[in-house]
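A short write-up of the structure that comes next.
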Amino acid sequence: MFGFNDDKDYDYDRLRKDLSNDFGAMGATFLGGLGFVQMMEAESASNEELLKMARREGYNLDRYRK
């Protein structure tokens with residue numbers, strides 16, 4: 001399982017950017033307003049919330065390890 005004590009092990013700036021871009025693209029294509037809401041949430045999320053969002057969306061978090 002993965003813990004949140006390894007906070008500095010991830011590139012949160014890149015993860016935030018990728019999540020925001022993906023949610024924005026979803027909003028523009030098929031989710032409409034929901035995608036834009038998720039994009040805004042990703043932009044203001046804490047590091048822990050970003051990790052939760054990424055796991056929920058099926059991101060491979062190993063790609064964001066430093």
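Chain lettering (A, B, ...) mirrors the order of the structure tokens, residue numbering begins at 1 for each chain separately, and ligand numbering begins at 1 in order of display.
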Tell me, as a list in words, which residues lie within 7 Å of Glu43 in chain A, counting only C-alpha atoms; anything in the same chain fewer than 4 positions away does not count.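 Counting only C-alpha atoms, the residues come to Arg16, Ser20 and Met39 of chain A.
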Pick out each residue of chain A that DSSP on the backbone tags as helix (DSSP H, G or I); I need them as a PyMOL selection string. chain A and resi 7-9+12-31+33-44+47-56+61-64
So that I can check the surroundings of Ser46 in chain A, please list as an NGL selection string every protein, DNA and RNA residue that reaches within 12 Å of it, counting only C-alpha atoms and ignoring chain neighbours fewer than 4 positions away. :A and (4 or 7 or 12-13 or 15-16 or 41-42 or 50-53)
Saved selection, atoms kept: N, CA and C atoms, as a PDB file, in the first residue's frame:
```pdb
ATOM      1  N   PHE A   4       1.384   8.361   2.654  1.00  0.00           N
ATOM      2  CA  PHE A   4       1.550   9.764   2.318  1.00  0.00           C
ATOM      3  C   PHE A   4       2.734  10.385   3.047  1.00  0.00           C
ATOM      4  N   ASP A   7       6.005  12.292   0.929  1.00  0.00           N
ATOM      5  CA  ASP A   7       5.529  13.487   0.237  1.00  0.00           C
ATOM      6  C   ASP A   7       6.506  14.053  -0.780  1.00  0.00           C
ATOM      7  N   TYR A  12       4.973  16.868  -7.781  1.00  0.00           N
ATOM      8  CA  TYR A  12       3.591  17.332  -7.665  1.00  0.00           C
ATOM      9  C   TYR A  12       3.239  18.383  -8.708  1.00  0.00           C
ATOM     10  N   ASP A  13       4.201  19.185  -9.110  1.00  0.00           N
ATOM     11  CA  ASP A  13       3.915  20.196 -10.136  1.00  0.00           C
ATOM     12  C   ASP A  13       3.516  19.526 -11.444  1.00  0.00           C
ATOM     13  N   LEU A  15       2.416  16.394 -11.798  1.00  0.00           N
ATOM     14  CA  LEU A  15       1.171  15.654 -11.571  1.00  0.00           C
ATOM     15  C   LEU A  15      -0.025  16.597 -11.626  1.00  0.00           C
ATOM     16  N   ARG A  16       0.078  17.741 -10.978  1.00  0.00           N
ATOM     17  CA  ARG A  16      -1.003  18.732 -10.976  1.00  0.00           C
ATOM     18  C   ARG A  16      -1.295  19.189 -12.411  1.00  0.00           C
ATOM     19  N   GLU A  41     -10.410  21.794  -9.171  1.00  0.00           N
ATOM     20  CA  GLU A  41     -10.083  21.092  -7.923  1.00  0.00           C
ATOM     21  C   GLU A  41      -8.636  20.619  -7.941  1.00  0.00           C
ATOM     22  N   ALA A  42      -8.179  20.109  -9.070  1.00  0.00           N
ATOM     23  CA  ALA A  42      -6.795  19.641  -9.176  1.00  0.00           C
ATOM     24  C   ALA A  42      -5.819  20.801  -9.007  1.00  0.00           C
ATOM     25  N   LEU A  50      -4.006  15.393  -4.459  1.00  0.00           N
ATOM     26  CA  LEU A  50      -3.547  15.097  -5.816  1.00  0.00           C
ATOM     27  C   LEU A  50      -3.276  13.608  -5.992  1.00  0.00           C
ATOM     28  N   LEU A  51      -2.626  13.003  -5.007  1.00  0.00           N
ATOM     29  CA  LEU A  51      -2.339  11.571  -5.077  1.00  0.00           C
ATOM     30  C   LEU A  51      -3.632  10.766  -5.114  1.00  0.00           C
ATOM     31  N   LYS A  52      -4.613  11.163  -4.321  1.00  0.00           N
ATOM     32  CA  LYS A  52      -5.906  10.462  -4.315  1.00  0.00           C
ATOM     33  C   LYS A  52      -6.594  10.594  -5.668  1.00  0.00           C
ATOM     34  N   MET A  53      -6.577  11.800  -6.238  1.00  0.00           N
ATOM     35  CA  MET A  53      -7.191  12.020  -7.552  1.00  0.00           C
ATOM     36  C   MET A  53      -6.506  11.160  -8.607  1.00  0.00           C
TER      37      MET A  53
END
```
Just give me the gap between CA of Gly33 in chain A and CA of Lys17 in chain A in Å, one decimal is fine.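 Atom-to-atom, CA of Gly33 in chain A and CA of Lys17 in chain A are spaced 18.6 Å apart.
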Which distance in Å separates CA of Tyr10 in chain A and CA of Leu61 in chain A, to one decimal?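 Interatomic distance, CA of Tyr10 in chain A to CA of Leu61 in chain A: 8.1 Å.
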